[in-house]
Every structure is written in C-alpha cells, then in structure tokens.
$ cat data32.pdb   # PDB, C-alpha atoms
ATOM      1  CA  MET A   1     -71.010 -58.306  50.623
ATOM      2  CA  LYS A   2     -74.448 -58.489  48.981
ATOM      3  CA  VAL A   3     -74.367 -54.681  48.649
ATOM      4  CA  LEU A   4     -71.003 -54.721  46.882
ATOM      5  CA  THR A   5     -72.020 -57.345  44.303
ATOM      6  CA  PRO A   6     -74.160 -55.015  42.096
ATOM      7  CA  ILE A   7     -71.426 -52.382  42.195
ATOM      8  CA  ILE A   8     -68.782 -54.893  41.079
ATOM      9  CA  LEU A   9     -71.046 -56.074  38.254
ATOM     10  CA  ALA A  10     -71.643 -52.480  37.127
ATOM     11  CA  LEU A  11     -67.915 -51.735  37.080
ATOM     12  CA  SER A  12     -67.267 -54.894  35.062
ATOM     13  CA  LEU A  13     -69.797 -53.807  32.433
ATOM     14  CA  ILE A  14     -68.263 -50.304  32.210
ATOM     15  CA  LEU A  15     -64.700 -51.663  31.797
ATOM     16  CA  SER A  16     -65.911 -54.173  29.208
ATOM     17  CA  GLY A  17     -67.601 -51.365  27.252
ATOM     18  CA  CYS A  18     -64.427 -49.246  27.306
ATOM     19  CA  LYS A  19     -62.370 -52.162  26.021
ATOM     20  CA  THR A  20     -64.855 -52.726  23.176
ATOM     21  CA  ALA A  21     -64.864 -49.022  22.311
ATOM     22  CA  SER A  22     -61.080 -48.860  22.224
ATOM     23  CA  THR A  23     -60.966 -51.903  19.952
ATOM     24  CA  SER A  24     -63.412 -50.370  17.496
ATOM     25  CA  VAL A  25     -61.411 -47.095  17.279
ATOM     26  CA  SER A  26     -58.053 -48.693  16.457
ATOM     27  CA  PRO A  27     -58.738 -49.372  12.744
ATOM     28  CA  VAL A  28     -59.390 -45.636  12.216
ATOM     29  CA  LYS A  29     -56.015 -44.764  13.722
ATOM     30  CA  ALA A  30     -54.319 -47.376  11.531
ATOM     31  CA  THR A  31     -55.879 -45.849   8.408
ATOM     32  CA  GLU A  32     -54.576 -42.403   9.367
ATOM     33  CA  LYS A  33     -51.063 -43.814   9.752
ATOM     34  CA  GLN A  34     -51.302 -45.482   6.355
ATOM     35  CA  ASP A  35     -52.399 -42.235   4.691
ATOM     36  CA  HIS A  36     -49.704 -40.107   6.353
ATOM     37  CA  PRO A  37     -46.574 -41.500   4.603
ATOM     38  CA  SER A  38     -47.909 -40.793   1.106
ATOM     39  CA  GLU A  39     -48.587 -37.176   2.047
ATOM     40  CA  GLN A  40     -45.130 -36.939   3.593
ATOM     41  CA  ASP A  41     -43.573 -38.393   0.459
ATOM     42  CA  ARG A  42     -45.250 -35.716  -1.655
ATOM     43  CA  THR A  43     -43.929 -33.016   0.676
ATOM     44  CA  GLU A  44     -40.420 -34.429   0.550
ATOM     45  CA  LYS A  45     -40.485 -34.513  -3.244
ATOM     46  CA  GLU A  46     -41.545 -30.878  -3.321
ATOM     47  CA  LYS A  47     -38.679 -29.974  -0.986
ATOM     48  CA  LYS A  48     -36.212 -31.860  -3.200
ATOM     49  CA  ARG A  49     -37.306 -29.931  -6.277
ATOM     50  CA  ALA A  50     -34.971 -26.956  -6.599
ATOM     51  CA  LYS A  51     -36.810 -23.698  -7.073
ATOM     52  CA  SER A  52     -36.312 -21.756 -10.290
ATOM     53  CA  LEU A  53     -33.766 -18.954 -10.412
ATOM     54  CA  ALA A  54     -36.517 -16.392 -10.827
ATOM     55  CA  ASP A  55     -38.030 -17.497  -7.503
ATOM     56  CA  ILE A  56     -34.841 -17.294  -5.430
ATOM     57  CA  TYR A  57     -32.533 -15.154  -7.558
ATOM     58  CA  VAL A  58     -29.391 -14.026  -5.749
ATOM     59  CA  PRO A  59     -27.669 -11.107  -7.553
ATOM     60  CA  ASN A  60     -24.172 -11.834  -8.821
ATOM     61  CA  PRO A  61     -21.725  -9.269  -7.398
ATOM     62  CA  GLN A  62     -19.939  -8.837 -10.734
ATOM     63  CA  VAL A  63     -22.734  -9.011 -13.318
ATOM     64  CA  SER A  64     -25.960  -7.099 -13.933
ATOM     65  CA  ASP A  65     -29.249  -8.835 -13.170
ATOM     66  CA  ASP A  66     -30.390 -10.336 -16.492
ATOM     67  CA  THR A  67     -33.515 -12.163 -15.283
ATOM     68  CA  LYS A  68     -35.739  -9.786 -17.268
ATOM     69  CA  LEU A  69     -33.676 -10.200 -20.436
ATOM     70  CA  LEU A  70     -35.920 -12.634 -22.300
ATOM     71  CA  ASN A  71     -35.988 -11.137 -25.813
ATOM     72  CA  ALA A  72     -32.981 -10.684 -28.090
ATOM     73  CA  GLY A  73     -31.986  -7.037 -28.433
ATOM     74  CA  LYS A  74     -33.213  -5.959 -24.997
ATOM     75  CA  THR A  75     -30.779  -3.973 -22.826
ATOM     76  CA  ILE A  76     -30.577  -3.341 -19.078
ATOM     77  CA  ASN A  77     -28.449  -0.724 -17.299
ATOM     78  CA  ASP A  78     -27.603  -0.793 -13.600
ATOM     79  CA  SER A  79     -24.782  -0.026 -11.182
ATOM     80  CA  LYS A  80     -22.716  -2.941 -12.513
ATOM     81  CA  GLY A  81     -22.843  -1.908 -16.162
ATOM     82  CA  THR A  82     -24.883  -2.563 -19.280
ATOM     83  CA  VAL A  83     -26.002  -5.958 -20.556
ATOM     84  CA  THR A  84     -27.695  -6.712 -23.885
ATOM     85  CA  LEU A  85     -29.250 -10.051 -24.771
ATOM     86  CA  LYS A  86     -27.982 -11.278 -28.143
ATOM     87  CA  GLU A  87     -29.430 -14.808 -28.235
ATOM     88  CA  ILE A  88     -31.433 -17.093 -25.969
ATOM     89  CA  ALA A  89     -32.462 -20.738 -25.708
ATOM     90  CA  SER A  90     -35.360 -21.191 -23.295
ATOM     91  CA  LEU A  91     -35.313 -24.886 -22.473
ATOM     92  CA  ASN A  92     -36.645 -25.853 -19.036
ATOM     93  CA  LYS A  93     -35.500 -29.324 -20.046
ATOM     94  CA  LEU A  94     -34.528 -32.196 -17.781
ATOM     95  CA  TYR A  95     -31.576 -34.501 -18.367
ATOM     96  CA  THR A  96     -30.857 -37.618 -16.310
ATOM     97  CA  ILE A  97     -27.274 -38.679 -15.700
ATOM     98  CA  GLY A  98     -27.485 -41.697 -13.401
ATOM     99  CA  PRO A  99     -28.890 -40.555 -10.049
ATOM    100  CA  VAL A 100     -28.516 -36.875 -10.976
ATOM    101  CA  GLU A 101     -31.379 -34.960 -12.522
ATOM    102  CA  MET A 102     -30.135 -31.828 -14.273
ATOM    103  CA  LYS A 103     -32.490 -29.111 -15.447
ATOM    104  CA  ILE A 104     -31.215 -26.534 -17.933
ATOM    105  CA  LYS A 105     -33.542 -23.574 -17.665
ATOM    106  CA  ASN A 106     -32.128 -20.862 -19.932
ATOM    107  CA  VAL A 107     -28.988 -20.418 -21.995
ATOM    108  CA  LYS A 108     -28.185 -16.834 -22.972
ATOM    109  CA  LEU A 109     -25.576 -15.100 -25.092
ATOM    110  CA  ILE A 110     -25.098 -11.690 -23.479
ATOM    111  CA  HIS A 111     -22.994  -8.652 -24.379
ATOM    112  CA  ASN A 112     -21.586  -7.072 -21.223
ATOM    113  CA  THR A 113     -20.073  -3.632 -20.681
ATOM    114  CA  PRO A 114     -19.040  -3.607 -17.012
ATOM    115  CA  THR A 115     -18.497  -0.477 -14.958
ATOM    116  CA  TYR A 116     -14.908   0.663 -14.500
ATOM    117  CA  SER A 117     -14.720  -0.707 -10.942
ATOM    118  CA  LEU A 118     -15.465  -4.248 -12.174
ATOM    119  CA  MET A 119     -13.071  -4.338 -15.117
ATOM    120  CA  ASP A 120     -10.202  -5.666 -13.004
ATOM    121  CA  TYR A 121     -12.254  -8.711 -12.066
ATOM    122  CA  PHE A 122     -12.905  -9.603 -15.712
ATOM    123  CA  HIS A 123      -9.298  -8.919 -16.713
ATOM    124  CA  GLN A 124      -8.348 -12.338 -15.295
ATOM    125  CA  PHE A 125     -10.741 -13.997 -17.753
ATOM    126  CA  THR A 126     -10.228 -11.926 -20.921
ATOM    127  CA  GLU A 127      -8.043  -9.234 -22.458
ATOM    128  CA  LYS A 128     -11.230  -7.577 -23.755
ATOM    129  CA  TYR A 129     -12.429  -6.791 -20.259
ATOM    130  CA  GLU A 130     -13.943  -3.399 -21.216
ATOM    131  CA  GLU A 131     -16.719  -5.162 -23.132
ATOM    132  CA  PHE A 132     -17.238  -8.756 -24.151
ATOM    133  CA  ASP A 133     -19.768 -11.491 -24.893
ATOM    134  CA  PHE A 134     -20.461 -14.344 -22.520
ATOM    135  CA  ILE A 135     -22.670 -17.418 -22.364
ATOM    136  CA  LYS A 136     -24.754 -17.834 -19.229
ATOM    137  CA  ILE A 137     -26.297 -21.211 -18.371
ATOM    138  CA  GLU A 138     -28.895 -21.568 -15.615
ATOM    139  CA  ILE A 139     -28.798 -24.982 -13.953
ATOM    140  CA  GLU A 140     -30.723 -26.922 -11.322
ATOM    141  CA  LEU A 141     -29.394 -30.225  -9.953
ATOM    142  CA  ILE A 142     -31.052 -32.903  -7.829
ATOM    143  CA  ASN A 143     -29.424 -36.027  -6.424
ATOM    144  CA  GLN A 144     -32.253 -38.562  -6.559
ATOM    145  CA  SER A 145     -30.312 -41.163  -4.564
ATOM    146  CA  ASN A 146     -29.874 -41.598  -0.823
ATOM    147  CA  LYS A 147     -26.086 -41.474  -1.155
ATOM    148  CA  LYS A 148     -23.676 -38.591  -1.651
ATOM    149  CA  VAL A 149     -22.428 -38.111  -5.228
ATOM    150  CA  HIS A 150     -19.898 -35.908  -7.004
ATOM    151  CA  PHE A 151     -20.938 -34.215 -10.251
ATOM    152  CA  GLY A 152     -20.148 -31.205 -12.413
ATOM    153  CA  PRO A 153     -22.824 -29.852 -14.777
ATOM    154  CA  ILE A 154     -20.274 -28.529 -17.283
ATOM    155  CA  ALA A 155     -16.851 -30.096 -17.673
ATOM    156  CA  HIS A 156     -16.303 -28.274 -20.953
ATOM    157  CA  LEU A 157     -18.257 -26.279 -23.503
ATOM    158  CA  GLU A 158     -17.795 -25.783 -27.258
ATOM    159  CA  THR A 159     -19.503 -23.194 -29.480
ATOM    160  CA  SER A 160     -20.519 -23.510 -33.125
ATOM    161  CA  ASN A 161     -17.480 -21.331 -33.921
ATOM    162  CA  GLY A 162     -15.125 -23.949 -32.499
ATOM    163  CA  GLU A 163     -14.284 -22.104 -29.272
ATOM    164  CA  ILE A 164     -13.766 -24.374 -26.264
ATOM    165  CA  LYS A 165     -14.152 -23.446 -22.603
ATOM    166  CA  ASN A 166     -13.456 -25.581 -19.519
ATOM    167  CA  PHE A 167     -15.115 -25.453 -16.114
ATOM    168  CA  GLU A 168     -12.195 -23.385 -14.782
ATOM    169  CA  ASP A 169     -13.278 -20.562 -17.134
ATOM    170  CA  ASP A 170     -16.587 -20.093 -15.315
ATOM    171  CA  PHE A 171     -16.581 -16.565 -13.842
ATOM    172  CA  TYR A 172     -19.854 -16.876 -11.918
ATOM    173  CA  ILE A 173     -18.112 -19.240  -9.462
ATOM    174  CA  GLN A 174     -21.257 -20.483  -7.716
ATOM    175  CA  TYR A 175     -19.738 -23.890  -6.963
ATOM    176  CA  LEU A 176     -22.331 -26.014  -8.733
ATOM    177  CA  GLY A 177     -19.770 -28.750  -9.281
ATOM    178  CA  GLY A 178     -18.646 -31.110  -6.541
ATOM    179  CA  GLU A 179     -20.604 -32.878  -3.820
ATOM    180  CA  ILE A 180     -24.375 -33.197  -3.823
ATOM    181  CA  GLU A 181     -25.831 -34.486  -0.573
ATOM    182  CA  PRO A 182     -28.230 -37.474  -0.520
ATOM    183  CA  ASN A 183     -31.563 -36.290  -1.945
ATOM    184  CA  GLY A 184     -30.001 -32.820  -2.068
ATOM    185  CA  SER A 185     -30.195 -30.100  -4.687
ATOM    186  CA  LYS A 186     -28.206 -27.172  -6.043
ATOM    187  CA  GLN A 187     -29.134 -24.306  -8.316
ATOM    188  CA  GLY A 188     -27.302 -21.415  -9.886
ATOM    189  CA  ALA A 189     -25.598 -20.253 -13.065
ATOM    190  CA  LEU A 190     -22.334 -20.572 -14.927
ATOM    191  CA  GLY A 191     -20.828 -17.885 -17.147
ATOM    192  CA  PHE A 192     -18.187 -18.295 -19.872
ATOM    193  CA  ILE A 193     -16.648 -15.351 -21.722
ATOM    194  CA  ILE A 194     -16.232 -16.087 -25.437
ATOM    195  CA  GLU A 195     -13.899 -14.372 -27.881
ATOM    196  CA  LYS A 196     -15.479 -15.673 -31.096
ATOM    197  CA  SER A 197     -19.038 -14.435 -31.460
ATOM    198  CA  THR A 198     -18.731 -13.640 -35.200
ATOM    199  CA  PRO A 199     -20.315 -15.272 -37.107
ATOM    200  CA  ASP A 200     -23.305 -15.673 -34.806
ATOM    201  CA  VAL A 201     -23.143 -18.526 -32.327
ATOM    202  CA  ASN A 202     -25.822 -20.960 -33.520
ATOM    203  CA  TRP A 203     -25.390 -23.634 -30.866
ATOM    204  CA  ILE A 204     -23.242 -24.837 -28.013
ATOM    205  CA  ASP A 205     -22.266 -28.352 -26.979
ATOM    206  CA  ILE A 206     -21.768 -29.028 -23.288
ATOM    207  CA  GLU A 207     -20.208 -32.098 -21.737
ATOM    208  CA  THR A 208     -21.041 -32.937 -18.133
ATOM    209  CA  SER A 209     -18.641 -34.686 -15.814
ATOM    210  CA  ASP A 210     -19.039 -38.329 -14.865
ATOM    211  CA  VAL A 211     -21.155 -39.048 -11.801
ATOM    212  CA  LEU A 212     -18.911 -40.342  -8.999
ATOM    213  CA  ASP A 213     -19.790 -41.958  -5.700
ATOM    214  CA  GLU A 214     -18.457 -40.757  -2.361
ATOM    215  CA  ASN A 215     -15.280 -42.798  -2.961
ATOM    216  CA  HIS A 216     -14.826 -41.084  -6.344
ATOM    217  CA  LYS A 217     -15.612 -44.243  -8.285
ATOM    218  CA  THR A 218     -17.555 -43.798 -11.524
ATOM    219  CA  LEU A 219     -21.278 -44.501 -11.269
ATOM    220  CA  ASN A 220     -22.289 -43.107 -14.662
ATOM    221  CA  LYS A 221     -20.436 -41.702 -17.628
ATOM    222  CA  SER A 222     -20.707 -38.082 -18.746
ATOM    223  CA  GLN A 223     -23.407 -36.862 -21.116
ATOM    224  CA  SER A 224     -23.111 -34.593 -24.173
ATOM    225  CA  ILE A 225     -25.881 -32.062 -24.777
ATOM    226  CA  ARG A 226     -26.358 -29.750 -27.761
ATOM    227  CA  ILE A 227     -28.290 -26.532 -27.234
ATOM    228  CA  ASN A 228     -29.538 -24.539 -30.223
ATOM    229  CA  PHE A 229     -30.162 -20.831 -29.867
ATOM    230  CA  ASN A 230     -33.519 -19.375 -30.915
ATOM    231  CA  LYS A 231     -33.233 -17.229 -33.981
ATOM    232  CA  GLU A 232     -36.463 -15.275 -33.538
ATOM    233  CA  LYS A 233     -35.721 -11.586 -32.956
TER
END
$ encode --input "data32.pdb" --output "structure tokens"
Amino acid sequence: MKVLTPIILALSLILSGCKTASTSVSPVKATEKQDHPSEQDRTEKEKKRAKSLADIYVPNPQVSDDTKLLNAGKTINDSKGTVTLKEIASLNKLYTIGPVEMKIKNVKLIHNTPTYSLMDYFHQFTEKYEEFDFIKIEIELINQSNKKVHFGPIAHLETSNGEIKNFEDDFYIQYLGGEIEPNGSKQGALGFIIEKSTPDVNWIDIETSDVLDENHKTLNKSQSIRINFNKEK
C-alpha cells in the first residue's frame, strides 16, 4: 500500500495538469468560433452577388454575341447574322425595390440582320423580320430577403418616340421575371424589337413590376426608371 501511494499522487498531479491545460486552451477555441461567422458571412455575400454577363455569358440561340459591341457604329458578323451597335448606355447602376436589388449593366440599341434560317423566329415579333432595331437590357437581380418573392424587372418599356413594349414582347425569353428564391439571384438579358427608331431614340423609360410575396401579396410598389443613351460616337 505504501508503494502505491507515490504512484497515486503522481497520477493525480498529471490529471490535474491536463485539466488545467484544457481549461487554458478553451478561450482560443472560442475566439476561432467567433471569427468564423464573419468570414462565412463575407463568403455568402459574395455568392449572392450575381456575376456580370461578361463573366458567365451564355450565347443566345437567336442573336449574335454583342458583348464586344461597346462603341456606337461597331459591327459584328457571325453565323447568326450581323449586328451593329447604334446607341449604348453603360450604367452598372443599382436600384432597390423593396427586398430586390436590381442592377442594370448595359442598355443597347442594336440593328440586327439575322441569317435566313432565323427569320422565321423573328417573324412572330415583327413584320420587318429581315432586319430591325432592338433594345437589349442586361439585368442582374438579387433577393436580399430570406423569403421567396415574385418580381419582374420590366413590366413595360417606353421609348422617347412614344413606342411602348410589354414584357410579353421580350424575345430573349430568359425568364428573369417570376420567382426569386430566398437570398437568390438571377441574371440575363431582355430584348425588345422597336419599329420607331427615327428620329434617334434618346431615352427609354422602364417600369418594373411590384414586388410580391410568396402568396402574391404586394410588398413594394413598382419603380419607374429613365435611361438616357450616350450620344458620344
């Protein structure tokens, strides 16, 4: 028994030291846990931010790629036809409609001469399907709330020449209107063929839809936005 006593005392000291060591380490672990959420929040915000069209551009099956059309007068030819940039408004401007953050990147007035195989598609939108002007609007949407909402970036559009287009006239058909998931985002473009481009289109007015909740009750009223075209050639 006398032999075991020193051993028991030694074990008691070792266990006591381990307990003290574990107690002194715990505040470090707590600090790491406190720092982690802020880093996670930053990551989540970056994920929520829709990338620009130039970063994740998906070619439209009916229209030539106009991403490099940034100066009025420039023309691009490809397998879908010929497009010429007539006017541009480079905005990269954010608009807040309730919980929805809408970014309008570029608005372009483009002259399009589609290839013969695509003329039938455009015939449903215009009688001048062999060549026509259209307005293209690049949009990014983010639902900043944790609830599903319903929203349409363009309910209707009016040009400085008094021509009015509704969302049904959009021929890009990328389904930007409708549901946006909680903290979700959408990006894409809308295209509206116009018949009155003489005199020059100086501006367009767009009206968004109301923001609706998941039960289709109004959360926020629509917003009107005027966009002026740049006149530098």
$ resolve_selection --input "data32.pdb" --expression "the PyMOL selection byres ((chain A and resi 213) around 9)" --output "list of chain:residue names"
A:Lys147, A:Lys148, A:Val149, A:His150, A:Val211, A:Leu212, A:Glu214, A:Asn215, A:His216, A:Lys217, A:Thr218, A:Leu219
$ write_last_selection --input "data32.pdb" --atoms "C-alpha atoms" --output "PDB file, keeping the file's coordinate frame"
ATOM      1  CA  LYS A 147     -26.086 -41.474  -1.155  1.00  0.00           C
ATOM      2  CA  LYS A 148     -23.676 -38.591  -1.651  1.00  0.00           C
ATOM      3  CA  VAL A 149     -22.428 -38.111  -5.228  1.00  0.00           C
ATOM      4  CA  HIS A 150     -19.898 -35.908  -7.004  1.00  0.00           C
ATOM      5  CA  VAL A 211     -21.155 -39.048 -11.801  1.00  0.00           C
ATOM      6  CA  LEU A 212     -18.911 -40.342  -8.999  1.00  0.00           C
ATOM      7  CA  GLU A 214     -18.457 -40.757  -2.361  1.00  0.00           C
ATOM      8  CA  ASN A 215     -15.280 -42.798  -2.961  1.00  0.00           C
ATOM      9  CA  HIS A 216     -14.826 -41.084  -6.344  1.00  0.00           C
ATOM     10  CA  LYS A 217     -15.612 -44.243  -8.285  1.00  0.00           C
ATOM     11  CA  THR A 218     -17.555 -43.798 -11.524  1.00  0.00           C
ATOM     12  CA  LEU A 219     -21.278 -44.501 -11.269  1.00  0.00           C
TER      13      LEU A 219
END
$ residues_around --input "data32.pdb" --residues "Phe134 (chain A)" --least-positions-apart "6" --cutoff "9 Å" --atoms "all atoms listed in the file" --output "VMD selection string"
chain A and resid 108 to 112 191 to 195
$ atom_distance --input "data32.pdb" --atom1 "CA of Ser145 (chain A)" --atom2 "CA of Ser224 (chain A)"
21.9 Å
$ closest_residue --input "data32.pdb" --among "A:Ser64, A:Asn146, A:Ser185, A:Ser90" --to "Thr115 (chain A)" --atoms "all atoms listed in the file"
A:Ser64
$ resolve_selection --input "data32.pdb" --expression "the PyMOL selection byres ((chain A and resi 170) around 9)" --output "ChimeraX atom specification"
/A:125,165-169,171-174,190-193
$ atom_distance --input "data32.pdb" --atom1 "CA of Ile97 (chain A)" --atom2 "CA of Pro182 (chain A)"
15.3 Å
$ axis_aligned_box --input "data32.pdb" --around "region 104-110 of chain A" --padding-each-side "8 Å" --output "JSON"
{"center_x": -29.3, "center_y": -19.1, "center_z": -21.4, "size_x": 24.4, "size_y": 30.8, "size_z": 23.4}
$ closest_residue --input "data32.pdb" --among "A:Pro99, A:Gly73, A:Pro199, A:Pro61" --to "Leu141 (chain A)" --atoms "only C-alpha atoms"
A:Pro99
$ closest_residue --input "data32.pdb" --among "A:Asn230, A:Ser117, A:Thr159, A:Gln187" --to "Asn71 (chain A)" --atoms "all atoms listed in the file"
A:Asn230
$ closest_residue --input "data32.pdb" --among "A:Asp78, A:Asp210, A:Asp205, A:Glu101" --to "Ile164 (chain A)" --atoms "all atoms listed in the file"
A:Asp205
$ residues_around --input "data32.pdb" --residues "Val63 (chain A)" --least-positions-apart "3" --cutoff "9 Å" --atoms "all atoms listed in the file" --output "list of chain:residue names"
A:Pro59, A:Asn60, A:Asp66, A:Lys80, A:Gly81, A:Val83, A:Asn112, A:Pro114, A:Leu118, A:Tyr172
$ atom_distance --input "data32.pdb" --atom1 "CA of Asp120 (chain A)" --atom2 "CA of Glu138 (chain A)"
24.7 Å
$ closest_residue --input "data32.pdb" --among "A:Ile180, A:Ile142, A:Ile137, A:Ile225" --to "Val100 (chain A)" --atoms "all atoms listed in the file"
A:Ile142
$ build_atoms --input "data32.pdb" --residues "region 127-140 of chain A" --atoms "N, CA, C and O atoms" --output "PDB file, in the frame of the given file"
ATOM      1  N   GLU A 127      -8.759 -10.480 -22.185  1.00  0.00           N
ATOM      2  CA  GLU A 127      -8.043  -9.234 -22.458  1.00  0.00           C
ATOM      3  C   GLU A 127      -9.013  -8.142 -22.919  1.00  0.00           C
ATOM      4  O   GLU A 127      -8.674  -6.958 -22.907  1.00  0.00           O
ATOM      5  N   LYS A 128     -10.217  -8.547 -23.300  1.00  0.00           N
ATOM      6  CA  LYS A 128     -11.230  -7.577 -23.755  1.00  0.00           C
ATOM      7  C   LYS A 128     -12.189  -7.268 -22.610  1.00  0.00           C
ATOM      8  O   LYS A 128     -13.412  -7.331 -22.756  1.00  0.00           O
ATOM      9  N   TYR A 129     -11.629  -6.943 -21.469  1.00  0.00           N
ATOM     10  CA  TYR A 129     -12.429  -6.791 -20.259  1.00  0.00           C
ATOM     11  C   TYR A 129     -13.326  -5.550 -20.249  1.00  0.00           C
ATOM     12  O   TYR A 129     -14.209  -5.425 -19.401  1.00  0.00           O
ATOM     13  N   GLU A 130     -13.103  -4.610 -21.188  1.00  0.00           N
ATOM     14  CA  GLU A 130     -13.943  -3.399 -21.216  1.00  0.00           C
ATOM     15  C   GLU A 130     -15.337  -3.698 -21.763  1.00  0.00           C
ATOM     16  O   GLU A 130     -16.303  -3.043 -21.371  1.00  0.00           O
ATOM     17  N   GLU A 131     -15.429  -4.650 -22.661  1.00  0.00           N
ATOM     18  CA  GLU A 131     -16.719  -5.162 -23.132  1.00  0.00           C
ATOM     19  C   GLU A 131     -16.486  -6.500 -23.817  1.00  0.00           C
ATOM     20  O   GLU A 131     -15.477  -6.708 -24.483  1.00  0.00           O
ATOM     21  N   PHE A 132     -17.425  -7.393 -23.650  1.00  0.00           N
ATOM     22  CA  PHE A 132     -17.238  -8.756 -24.151  1.00  0.00           C
ATOM     23  C   PHE A 132     -18.581  -9.467 -24.185  1.00  0.00           C
ATOM     24  O   PHE A 132     -19.578  -9.016 -23.606  1.00  0.00           O
ATOM     25  N   ASP A 133     -18.596 -10.618 -24.870  1.00  0.00           N
ATOM     26  CA  ASP A 133     -19.768 -11.491 -24.893  1.00  0.00           C
ATOM     27  C   ASP A 133     -19.526 -12.667 -23.952  1.00  0.00           C
ATOM     28  O   ASP A 133     -18.390 -13.140 -23.812  1.00  0.00           O
ATOM     29  N   PHE A 134     -20.585 -13.140 -23.338  1.00  0.00           N
ATOM     30  CA  PHE A 134     -20.461 -14.344 -22.520  1.00  0.00           C
ATOM     31  C   PHE A 134     -21.729 -15.181 -22.631  1.00  0.00           C
ATOM     32  O   PHE A 134     -22.811 -14.685 -22.956  1.00  0.00           O
ATOM     33  N   ILE A 135     -21.552 -16.471 -22.375  1.00  0.00           N
ATOM     34  CA  ILE A 135     -22.670 -17.418 -22.364  1.00  0.00           C
ATOM     35  C   ILE A 135     -23.013 -17.728 -20.914  1.00  0.00           C
ATOM     36  O   ILE A 135     -22.144 -18.104 -20.121  1.00  0.00           O
ATOM     37  N   LYS A 136     -24.274 -17.532 -20.577  1.00  0.00           N
ATOM     38  CA  LYS A 136     -24.754 -17.834 -19.229  1.00  0.00           C
ATOM     39  C   LYS A 136     -25.705 -19.027 -19.288  1.00  0.00           C
ATOM     40  O   LYS A 136     -26.617 -19.063 -20.115  1.00  0.00           O
ATOM     41  N   ILE A 137     -25.480 -19.993 -18.402  1.00  0.00           N
ATOM     42  CA  ILE A 137     -26.297 -21.211 -18.371  1.00  0.00           C
ATOM     43  C   ILE A 137     -26.876 -21.369 -16.978  1.00  0.00           C
ATOM     44  O   ILE A 137     -26.140 -21.419 -15.992  1.00  0.00           O
ATOM     45  N   GLU A 138     -28.203 -21.418 -16.892  1.00  0.00           N
ATOM     46  CA  GLU A 138     -28.895 -21.568 -15.615  1.00  0.00           C
ATOM     47  C   GLU A 138     -29.200 -23.051 -15.383  1.00  0.00           C
ATOM     48  O   GLU A 138     -29.814 -23.705 -16.227  1.00  0.00           O
ATOM     49  N   ILE A 139     -28.775 -23.541 -14.234  1.00  0.00           N
ATOM     50  CA  ILE A 139     -28.798 -24.982 -13.953  1.00  0.00           C
ATOM     51  C   ILE A 139     -29.487 -25.265 -12.622  1.00  0.00           C
ATOM     52  O   ILE A 139     -29.337 -24.513 -11.661  1.00  0.00           O
ATOM     53  N   GLU A 140     -30.214 -26.366 -12.578  1.00  0.00           N
ATOM     54  CA  GLU A 140     -30.723 -26.922 -11.322  1.00  0.00           C
ATOM     55  C   GLU A 140     -30.327 -28.397 -11.267  1.00  0.00           C
ATOM     56  O   GLU A 140     -30.456 -29.110 -12.256  1.00  0.00           O
TER      57      GLU A 140
END
